[in-house]
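Peer 1: Sharing model.pdb (PDB, C-alpha atoms and all ligand atoms) below.
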ATOM      1  CA  MET A  10     284.263   5.595 179.171
ATOM      2  CA  HIS A  11     285.913   2.444 177.800
ATOM      3  CA  TYR A  12     284.057   0.207 175.317
ATOM      4  CA  GLN A  13     281.145   2.508 174.562
ATOM      5  CA  HIS A  14     279.588   1.620 171.165
ATOM      6  CA  LYS A  15     281.880  -1.418 170.922
ATOM      7  CA  ARG A  16     280.597  -4.808 169.839
ATOM      8  CA  VAL A  17     281.322  -7.472 172.439
ATOM      9  CA  LEU A  18     281.050 -11.174 171.669
ATOM     10  CA  LEU A  19     279.405 -13.379 174.281
ATOM     11  CA  ALA A  20     280.863 -16.902 174.108
ATOM     12  CA  SER A  21     277.824 -18.936 175.096
ATOM     13  CA  LYS A  22     275.481 -21.447 173.518
ATOM     14  CA  HIS A  23     273.244 -21.247 176.551
ATOM     15  CA  GLU A  24     271.294 -18.043 175.974
ATOM     16  CA  LYS A  25     273.177 -16.043 178.613
ATOM     17  CA  GLU A  26     272.745 -13.012 176.342
ATOM     18  CA  ARG A  27     269.213 -12.772 177.787
ATOM     19  CA  VAL A  28     270.717 -11.328 180.977
ATOM     20  CA  VAL A  29     274.143 -10.058 179.858
ATOM     21  CA  ARG A  30     272.960  -7.967 176.898
ATOM     22  CA  PRO A  31     270.659  -5.526 178.788
ATOM     23  CA  VAL A  32     273.195  -4.978 181.585
ATOM     24  CA  PHE A  33     276.117  -4.288 179.228
ATOM     25  CA  PHE A  34     273.962  -2.007 177.109
ATOM     26  CA  ASP A  35     272.615   0.035 180.035
ATOM     27  CA  LYS A  36     275.835   0.329 182.037
ATOM     28  CA  LEU A  37     278.580   0.334 179.384
ATOM     29  CA  GLY A  38     276.772   1.271 176.192
ATOM     30  CA  CYS A  39     278.163  -1.742 174.362
ATOM     31  CA  GLU A  40     276.396  -4.156 172.118
ATOM     32  CA  ILE A  41     276.524  -7.858 173.021
ATOM     33  CA  TYR A  42     276.251 -10.338 170.174
ATOM     34  CA  THR A  43     276.676 -14.098 169.983
ATOM     35  CA  SER A  44     278.156 -16.511 167.478
ATOM     36  CA  ASP A  45     277.632 -20.226 166.991
ATOM     37  CA  PHE A  46     281.020 -20.926 168.605
ATOM     38  CA  ASP A  47     280.877 -24.291 170.403
ATOM     39  CA  THR A  48     281.733 -23.660 174.066
ATOM     40  CA  ASP A  49     281.049 -27.321 174.963
ATOM     41  CA  GLN A  50     284.531 -28.230 173.685
ATOM     42  CA  PHE A  51     285.878 -26.769 176.968
ATOM     43  CA  GLY A  52     283.806 -29.129 179.140
ATOM     44  CA  THR A  53     280.180 -29.975 179.858
ATOM     45  CA  PHE A  54     278.211 -30.223 183.105
ATOM     46  CA  THR A  55     277.224 -33.800 182.345
ATOM     47  CA  GLY A  56     280.913 -34.711 182.122
ATOM     48  CA  GLU A  57     281.044 -36.293 178.607
ATOM     49  CA  ILE A  58     283.710 -33.665 177.931
ATOM     50  CA  PRO A  59     285.716 -33.103 181.117
ATOM     51  CA  ARG A  60     287.069 -29.637 181.871
ATOM     52  CA  ALA A  61     290.857 -29.653 181.368
ATOM     53  CA  TYR A  62     291.633 -26.456 183.316
ATOM     54  CA  ASN A  63     290.203 -24.801 186.413
ATOM     55  CA  ALA A  64     287.051 -22.699 186.048
ATOM     56  CA  TYR A  65     288.887 -19.372 185.806
ATOM     57  CA  GLU A  66     291.353 -20.587 183.163
ATOM     58  CA  THR A  67     288.554 -22.281 181.214
ATOM     59  CA  CYS A  68     286.563 -19.073 181.238
ATOM     60  CA  ILE A  69     289.440 -16.982 179.836
ATOM     61  CA  LEU A  70     290.236 -19.658 177.258
ATOM     62  CA  LYS A  71     286.590 -19.727 176.167
ATOM     63  CA  ALA A  72     286.406 -15.941 175.820
ATOM     64  CA  LYS A  73     289.723 -15.648 173.940
ATOM     65  CA  SER A  74     289.119 -18.581 171.570
ATOM     66  CA  ALA A  75     285.637 -17.342 170.685
ATOM     67  CA  ALA A  76     286.939 -13.812 170.049
ATOM     68  CA  ILE A  77     289.783 -15.055 167.846
ATOM     69  CA  ALA A  78     287.470 -17.420 165.940
ATOM     70  CA  SER A  79     285.131 -14.572 164.999
ATOM     71  CA  ASP A  80     287.805 -11.922 164.554
ATOM     72  CA  CYS A  81     286.548  -9.781 167.381
ATOM     73  CA  LEU A  82     288.547  -7.751 169.933
ATOM     74  CA  PHE A  83     286.253  -7.917 172.939
ATOM     75  CA  SER A  84     284.445 -10.882 174.462
ATOM     76  CA  VAL A  85     282.677 -12.140 177.574
ATOM     77  CA  ALA A  86     282.414 -15.681 178.925
ATOM     78  CA  SER A  87     281.206 -17.236 182.146
ATOM     79  CA  GLU A  88     281.730 -20.505 183.907
ATOM     80  CA  GLY A  89     279.806 -22.015 186.811
ATOM     81  CA  SER A  90     280.866 -24.621 189.365
ATOM     82  CA  PHE A  91     278.449 -26.293 191.729
ATOM     83  CA  GLY A  92     279.028 -28.154 194.950
ATOM     84  CA  PRO A  93     279.037 -27.819 198.722
ATOM     85  CA  HIS A  94     279.001 -24.195 199.932
ATOM     86  CA  PRO A  95     282.479 -23.112 201.139
ATOM     87  CA  SER A  96     281.224 -21.716 204.456
ATOM     88  CA  ILE A  97     277.796 -23.324 204.974
ATOM     89  CA  PRO A  98     278.227 -27.116 205.249
ATOM     90  CA  PHE A  99     275.489 -29.314 203.745
ATOM     91  CA  PHE A 100     274.272 -26.481 201.517
ATOM     92  CA  ALA A 101     274.892 -26.480 197.800
ATOM     93  CA  SER A 102     276.360 -23.375 196.259
ATOM     94  CA  ASP A 103     276.800 -21.881 192.833
ATOM     95  CA  HIS A 104     280.211 -20.344 192.159
ATOM     96  CA  GLU A 105     280.091 -18.249 188.994
ATOM     97  CA  ILE A 106     283.005 -16.574 187.259
ATOM     98  CA  MET A 107     282.557 -14.075 184.440
ATOM     99  CA  VAL A 108     285.408 -12.575 182.434
ATOM    100  CA  PHE A 109     285.696  -9.750 179.955
ATOM    101  CA  VAL A 110     288.626 -10.035 177.552
ATOM    102  CA  ASP A 111     290.130  -7.096 175.664
ATOM    103  CA  LEU A 112     292.451  -8.552 173.023
ATOM    104  CA  LYS A 113     293.491  -5.093 171.821
ATOM    105  CA  ASN A 114     295.218  -4.289 175.127
ATOM    106  CA  ASN A 115     295.611  -7.869 176.352
ATOM    107  CA  TRP A 116     293.474  -7.142 179.426
ATOM    108  CA  VAL A 117     291.330  -9.587 181.375
ATOM    109  CA  ILE A 118     288.721  -8.235 183.803
ATOM    110  CA  SER A 119     286.949 -10.787 185.965
ATOM    111  CA  GLU A 120     284.334 -10.965 188.686
ATOM    112  CA  GLN A 121     282.839 -13.801 190.665
ATOM    113  CA  LEU A 122     279.717 -14.605 192.624
ATOM    114  CA  VAL A 123     279.243 -17.299 195.249
ATOM    115  CA  THR A 124     275.616 -17.866 196.136
ATOM    116  CA  PRO A 125     273.685 -20.518 198.067
ATOM    117  CA  LYS A 126     270.738 -19.750 195.747
ATOM    118  CA  THR A 127     270.893 -22.830 193.548
ATOM    119  CA  ASN A 128     268.775 -25.918 192.912
ATOM    120  CA  TYR A 129     271.930 -27.995 192.223
ATOM    121  CA  ASN A 130     271.242 -31.599 193.236
ATOM    122  CA  ARG A 131     271.532 -35.181 192.040
ATOM    123  CA  LEU A 132     269.896 -38.488 192.828
ATOM    124  CA  THR A 133     271.131 -41.998 192.085
ATOM    125  CA  LEU A 134     268.263 -44.141 190.791
ATOM    126  CA  HIS A 135     267.741 -47.849 191.253
ATOM    127  CA  ALA A 136     264.779 -49.723 189.823
ATOM    128  CA  GLY A 137     261.749 -48.426 191.744
ATOM    129  CA  THR A 138     263.359 -45.276 193.249
ATOM    130  CA  GLU A 139     260.711 -42.593 193.869
ATOM    131  CA  VAL A 140     261.654 -39.507 191.816
ATOM    132  CA  GLU A 141     258.706 -37.238 192.693
ATOM    133  CA  PRO A 142     260.147 -35.690 195.923
ATOM    134  CA  PHE A 143     263.430 -34.947 194.123
ATOM    135  CA  LEU A 144     261.632 -33.341 191.174
ATOM    136  CA  GLN A 145     259.654 -31.130 193.556
ATOM    137  CA  SER A 146     262.734 -30.065 195.508
ATOM    138  CA  VAL A 147     264.568 -28.930 192.346
ATOM    139  CA  GLN A 148     261.601 -26.918 190.990
ATOM    140  CA  PHE A 149     260.900 -29.251 188.072
ATOM    141  CA  PRO A 150     259.585 -28.592 185.424
ATOM    142  CA  SER A 151     260.449 -24.854 185.347
ATOM    143  CA  HIS A 152     263.996 -26.108 185.992
ATOM    144  CA  ALA A 153     265.028 -28.982 183.695
ATOM    145  CA  VAL A 154     266.812 -32.197 184.668
ATOM    146  CA  THR A 155     269.346 -34.496 183.019
ATOM    147  CA  LEU A 156     269.416 -38.300 183.058
ATOM    148  CA  GLN A 157     272.568 -40.374 182.685
ATOM    149  CA  VAL A 158     273.782 -43.930 183.130
ATOM    150  CA  ASN A 159     275.621 -43.641 186.436
ATOM    151  CA  ASP A 160     278.836 -45.547 185.768
ATOM    152  CA  THR A 161     279.533 -44.605 182.139
ATOM    153  CA  LYS A 162     277.936 -41.117 182.330
ATOM    154  CA  GLU A 163     276.237 -41.840 178.993
ATOM    155  CA  VAL A 164     273.615 -39.108 178.570
ATOM    156  CA  LEU A 165     270.044 -40.452 178.172
ATOM    157  CA  GLY A 166     268.484 -37.015 178.150
ATOM    158  CA  LYS A 167     269.235 -33.323 178.788
ATOM    159  CA  GLY A 168     266.866 -30.403 179.176
ATOM    160  CA  ILE A 169     264.045 -32.728 180.284
ATOM    161  CA  GLN A 170     260.979 -30.737 181.379
ATOM    162  CA  ASP A 171     258.286 -33.318 180.827
ATOM    163  CA  VAL A 172     257.545 -36.005 183.408
ATOM    164  CA  GLY A 173     256.195 -38.440 180.789
ATOM    165  CA  LEU A 174     259.396 -38.193 178.775
ATOM    166  CA  LEU A 175     261.481 -38.571 181.937
ATOM    167  CA  ASN A 176     259.657 -41.780 182.891
ATOM    168  CA  GLN A 177     260.166 -43.185 179.385
ATOM    169  CA  LEU A 178     263.892 -42.415 179.509
ATOM    170  CA  ILE A 179     264.214 -43.982 182.975
ATOM    171  CA  LYS A 180     262.475 -47.109 181.727
ATOM    172  CA  ARG A 181     264.749 -47.297 178.688
ATOM    173  CA  GLY A 182     267.871 -46.742 180.856
ATOM    174  CA  PHE A 183     266.993 -49.614 183.176
ATOM    175  CA  THR A 184     266.779 -52.047 180.251
ATOM    176  CA  TYR A 185     270.605 -52.096 180.229
ATOM    177  CA  ALA A 186     271.905 -50.300 183.326
ATOM    178  CA  ASP A 187     271.475 -50.995 187.065
ATOM    179  CA  GLU A 188     272.021 -47.424 188.212
ATOM    180  CA  LEU A 189     270.979 -44.125 186.648
ATOM    181  CA  LEU A 190     271.846 -40.576 187.650
ATOM    182  CA  LEU A 191     269.112 -37.956 187.747
ATOM    183  CA  ALA A 192     270.501 -34.425 188.111
ATOM    184  CA  THR A 193     269.549 -30.786 187.790
ATOM    185  CA  ASP A 194     270.343 -29.332 184.360
ATOM    186  CA  MET A 195     272.723 -26.477 185.163
ATOM    187  CA  ARG A 196     272.846 -24.936 181.669
ATOM    188  CA  ALA A 197     271.683 -21.333 182.032
ATOM    189  CA  MET A 198     268.718 -21.529 179.627
ATOM    190  CA  MET A 199     267.388 -24.593 181.483
ATOM    191  CA  ASN A 200     267.822 -23.099 184.937
ATOM    192  CA  PRO A 201     266.072 -19.793 185.789
ATOM    193  CA  THR A 202     267.725 -19.665 189.233
ATOM    194  CA  ARG A 203     271.181 -19.793 187.661
ATOM    195  CA  MET A 204     270.146 -17.223 185.061
ATOM    196  CA  GLU A 205     269.228 -14.848 187.930
ATOM    197  CA  GLY A 206     272.685 -15.283 189.447
ATOM    198  CA  LEU A 207     274.286 -14.571 186.069
ATOM    199  CA  SER A 208     272.314 -11.353 185.834
ATOM    200  CA  LEU A 209     273.733 -10.199 189.198
ATOM    201  CA  LEU A 210     277.214 -11.199 188.121
ATOM    202  CA  ALA A 211     276.907  -9.306 184.825
ATOM    203  CA  GLU A 212     276.042  -6.213 186.908
ATOM    204  CA  LYS A 213     279.104  -6.764 189.084
ATOM    205  CA  LEU A 214     281.374  -7.214 186.075
ATOM    206  CA  ALA A 215     279.992  -4.137 184.314
ATOM    207  CA  SER A 216     280.578  -2.039 187.474
ATOM    208  CA  ARG A 217     284.132  -3.293 187.640
ATOM    209  CA  ILE A 218     284.769  -2.448 183.985
ATOM    210  CA  LEU A 219     283.519   1.069 184.780
ATOM    211  CA  THR A 220     285.977   1.458 187.677
ATOM    212  CA  CYS A 221     289.307   2.794 186.401
ATOM    213  CA  CYS A 222     292.751   2.730 187.987
ATOM    214  CA  HIS A 223     293.813   6.083 189.470
ATOM    215  CA  ALA A 224     297.404   5.493 188.411
ATOM    216  CA  CYS A 225     297.123   4.382 184.776
ATOM    217  CA  GLY A 226     293.448   4.768 183.830
ATOM    218  CA  ALA A 227     292.917   1.115 182.866
ATOM    219  CA  PRO A 228     289.394  -0.258 183.443
ATOM    220  CA  GLY A 229     288.678  -3.150 185.820
ATOM    221  CA  PHE A 230     290.098  -1.762 189.066
ATOM    222  CA  GLY A 231     288.629  -3.703 192.009
ATOM    223  CA  PHE A 232     288.800  -6.284 194.772
ATOM    224  CA  ILE A 233     291.709  -8.719 194.625
ATOM    225  CA  SER A 234     292.049  -9.986 198.195
ATOM    226  CA  THR A 235     291.245  -9.361 201.828
ATOM    227  CA  ALA A 236     293.870  -7.818 204.117
ATOM    228  CA  GLU A 237     294.556  -8.009 207.887
ATOM    229  CA  THR A 238     291.999  -9.231 210.416
ATOM    230  CA  LEU A 239     289.524  -7.508 212.722
ATOM    231  CA  SER A 240     290.069  -7.866 216.458
ATOM    232  CA  CYS A 241     287.424  -9.374 218.723
ATOM    233  CA  SER A 242     284.905  -6.987 220.309
ATOM    234  CA  LEU A 243     285.176  -8.969 223.592
ATOM    235  CA  CYS A 244     288.859  -9.915 224.098
ATOM    236  CA  ASP A 245     290.642  -7.903 221.392
ATOM    237  CA  GLY A 246     292.241 -11.113 220.070
ATOM    238  CA  PRO A 247     292.550 -12.040 216.379
ATOM    239  CA  THR A 248     289.471 -13.269 214.505
ATOM    240  CA  ALA A 249     288.643 -14.898 211.188
ATOM    241  CA  MET A 250     287.069 -11.709 209.794
ATOM    242  CA  HIS A 251     289.089  -9.498 207.469
ATOM    243  CA  ARG A 252     289.683  -5.813 208.203
ATOM    244  CA  PHE A 253     290.326  -4.333 204.763
ATOM    245  CA  GLU A 254     289.848  -5.129 201.119
ATOM    246  CA  ARG A 255     292.802  -4.831 198.784
ATOM    247  CA  TRP A 256     291.870  -3.467 195.357
ATOM    248  CA  GLY A 257     294.212  -3.744 192.416
ATOM    249  CA  CYS A 258     294.731  -2.814 188.791
ATOM    250  CA  ILE A 259     294.698  -5.318 185.916
ATOM    251  CA  ALA A 260     297.394  -3.413 183.997
ATOM    252  CA  CYS A 261     299.829  -1.860 186.491
ATOM    253  CA  ALA A 262     301.025  -2.543 190.037
ATOM    254  CA  HIS A 263     298.827   0.103 191.691
ATOM    255  CA  GLN A 264     296.836  -1.125 194.727
ATOM    256  CA  GLU A 265     294.582   0.533 197.302
ATOM    257  CA  LYS A 266     293.440  -0.572 200.739
ATOM    258  CA  LYS A 267     289.676  -0.041 201.153
ATOM    259  CA  PRO A 268     287.484  -0.340 204.254
ATOM    260  CA  ARG A 269     285.019  -3.206 204.499
ATOM    261  CA  PRO A 270     281.715  -2.360 202.764
ATOM    262  CA  ASP A 271     279.943  -2.843 206.141
ATOM    263  CA  HIS A 272     282.445  -0.543 207.961
ATOM    264  CA  LEU A 273     282.788  -2.977 210.900
ATOM    265  CA  GLU A 274     285.748  -2.118 213.169
ATOM    266  CA  LYS A 275     285.454  -5.007 215.657
ATOM    267  CA  ALA A 276     284.374  -8.570 215.000
ATOM    268  CA  PRO A 277     281.624 -10.371 216.955
ATOM    269  CA  PRO A 278     283.101 -12.989 219.376
ATOM    270  CA  THR A 279     281.589 -15.769 217.186
ATOM    271  CA  TYR A 280     284.513 -15.222 214.777
ATOM    272  CA  CYS A 281     287.155 -15.055 217.567
ATOM    273  CA  HIS A 282     289.859 -17.749 217.745
ATOM    274  CA  TYR A 283     289.810 -17.547 221.600
ATOM    275  CA  CYS A 284     286.187 -16.778 222.553
ATOM    276  CA  ASN A 285     284.737 -19.296 220.091
ATOM    277  CA  PRO A 286     287.395 -21.839 219.177
TER     278      PRO A 286
HETATM  279 ZN    ZN B 301     287.518 -12.916 221.621
HETATM  280 ZN    ZN B 302     296.784   0.820 186.780
END
Have the structure of the file written as structure tokens, please.
Ligand SMILES: [Zn+2]
Ligand SMILES: [Zn+2]
Peer 2:
Amino acid sequence: MHYQHKRVLLASKHEKERVVRPVFFDKLGCEIYTSDFDTDQFGTFTGEIPRAYNAYETCILKAKSAAIASDCLFSVASEGSFGPHPSIPFFASDHEIMVFVDLKNNWVISEQLVTPKTNYNRLTLHAGTEVEPFLQSVQFPSHAVTLQVNDTKEVLGKGIQDVGLLNQLIKRGFTYADELLLATDMRAMMNPTRMEGLSLLAEKLASRILTCCHACGAPGFGFISTAETLSCSLCDGPTAMHRFERWGCIACAHQEKKPRPDHLEKAPPTYCHYCNP
């Protein structure tokens, strides 16, 4: 088994070790530790520091820089993006990426999770805007909120879990701004729903690290893309549902075609380009 008894650095200031450490210990036998490496330099949710690369690149950069800074060979980092769900319009979704970097072999193993289970939301405030319904809908105060000046994005408060403090900050903000932005705090330690998703993703990543390539033995063999499409159960025409999964190796060119996990052989007409255009 790769990485057993190895020390793995988790590049996070946001207490993600609470969920990553037990999973990596149980499944891989490795010890997760953290350093005081500042991951905010790669971008913050509140936008004071914009992210310069896409989420996947940022995640790898974070993991590699943290590992190099603390002279460590193995590291883990994760990166979340929030916005409209890719297949369910009007629903927010949480898209999480987690990478494991092995600097000894120059390997990167990654997994992702897209889930509609998120409280991600924001509300523009004008003087007198009612905040109570918003706070209830985002599970405040177990889930914290952030408050910013809307046009400059100046942060008035982060990690707010007290309604009295929030009201004070709102009052202060309106002494010099016309519009404020109240938003869910998406940092893992301020957001139990996100932390739950990260736990699932850590499980997925650990399973992938455990899966080795049949050709070269490298860890991290797994899903890379979908392949071909299922035909319609009604008219036999092409549909939007994929037929196979293509799995690949992170170190060599070996690939395998795998059946869908649900073993479907025909697609319901709802996904047909002809029956349900
Ligand atoms: Zn059809
Ligand atoms: Zn291989």
Peer 1: I'd like the contact shell of A:Trp116 - 12 Å cut-off, only C-alpha atoms, skipping same-chain residues fewer than 4 positions apart - returned as a list in words.
Peer 2: Ile69, Ala72, Lys73, Leu82, Phe83, Ser84, Val108, Phe109, Val110, Asp111, Leu112, Ile218, Ala227, Pro228, Gly229, Phe230, Cys258, Ile259, Ala260 and Cys261 of chain A
Peer 1: As JSON, numbers by chain, please: the residues near A:Thr67 (cut-off 9 Å, all atoms listed in the file, same-chain neighbours under 3 positions excluded).
Peer 2: {"A": [51, 52, 60, 61, 62, 63, 64, 70, 71, 72, 87, 88]}
Peer 1: Kindly give the distance, in Å, that separates atom CA of A:Asp194 and atom CA of A:Leu214, rounded to a single decimal.
Peer 2: 24.8 Å
Peer 1: Expanded to explicit residues, what is the PyMOL selection byres (((chain A and resi 133-143) around 12) and not hetatm) for this file, as a PyMOL selection string?
Peer 2: chain A and resi 128-132+144-150+154-160+162+172+175-176+179-193
Peer 1: Step by step, measure atom-to-atom distances between ligand ZN 301 (chain B) and each residue using only C-alpha atoms and all ligand atoms, keep those at most 9 Å, then write them as a list in words.
Peer 2: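 With only C-alpha atoms and all ligand atoms and a cut-off of 9 Å, ligand ZN 301 (chain B) is contacted by Ser240, Cys241, Ser242, Leu243, Cys244, Asp245, Gly246, Pro247, Thr248, Ala276, Pro277, Pro278, Thr279, Tyr280, Cys281, His282, Tyr283, Cys284 and Asn285 of chain A.
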Peer 1: Between atom CA of A:Val28 and atom CA of A:Asp47, what is the distance in Å, rounded to a tenth?
Peer 2: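 If I compute the distance from atom CA of A:Val28 to atom CA of A:Asp47, I get 19.6 Å.
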Peer 1: Enumerate, as a list of chain:residue names, the protein, DNA and RNA residues whose atoms approach (281.8, -26.4, 172.0) to within 10 Å, taking into account all atoms listed in the file and the coordinate frame of the file.
Peer 2: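 All residues meeting the 10 Å criterion around (281.8, -26.4, 172.0) are A:Ala20, A:Ser21, A:Lys22, A:Asp45, A:Phe46, A:Asp47, A:Thr48, A:Asp49, A:Gln50, A:Phe51, A:Gly52, A:Thr53, A:Ile58, A:Lys71, A:Ala75.
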Peer 1: Here is a test: counting all atoms listed in the file, which residue of A:Gln264, A:Thr161, A:Asn114, A:Asn200 is nearest to A:Ala224?
Peer 2: A:Gln264
Peer 1: So that I can check the surroundings of stretch 232-236 of chain A, please list as a PyMOL selection string every protein, DNA and RNA residue that reaches within 9 Å of it, counting all atoms listed in the file and ignoring chain neighbours fewer than 3 positions away.
Peer 2: chain A and resi 120+251-258+266-267
Peer 1: Just give me the gap between atom CA of A:Phe100 and atom CA of A:Glu237 in Å, one decimal is fine.
Peer 2: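 Atom-to-atom, atom CA of A:Phe100 to atom CA of A:Glu237, that is 28.2 Å.
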Peer 1: Pick out the residues sitting within 12 Å of A:Leu210, and hand them over as a PyMOL selection string; count all atoms listed in the file, and ignore anything fewer than 6 positions along from it in its own chain.
Peer 2: chain A and resi 25+28-29+32-33+85-89+103-109+119-124+203-204+216-217
Peer 1: I'd like to see the residues matched by the PyMOL selection byres (((chain A and resi 38) around 8) and not hetatm) on this file, and ideally I'd get them as a PyMOL selection string.
Peer 2: chain A and resi 12-15+33-37+39-40
Peer 1: With distances taken over only C-alpha atoms and all ligand atoms, which residue among A:Glu24, A:Glu265, A:Glu163, A:Glu212 lies nearest ligand ZN 302 (chain B)?
Peer 2: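 The closest residue to ligand ZN 302 (chain B) is A:Glu265.
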Peer 1: Between A:His223, A:Lys126, A:Arg269, A:Arg196, which one has atoms that come closest to ligand ZN 302 (chain B), using only C-alpha atoms and all ligand atoms?
Peer 2: A:His223
Peer 1: Could you check which of A:Leu207, A:Asp171, A:His23, A:Cys222 is closest to ligand ZN 302 (chain B), using all atoms listed in the file?
Peer 2: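 Of A:Leu207, A:Asp171, A:His23, A:Cys222, the one nearest ligand ZN 302 (chain B) is A:Cys222, counting all atoms listed in the file.
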Peer 1: Restricting the calculation to all atoms listed in the file, which member of A:Ala153, A:Cys221, A:Ala211, A:Ile169 is positioned closest to A:Ala197?
Peer 2: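 For A:Ala197, the nearest of the candidates is A:Ala153.
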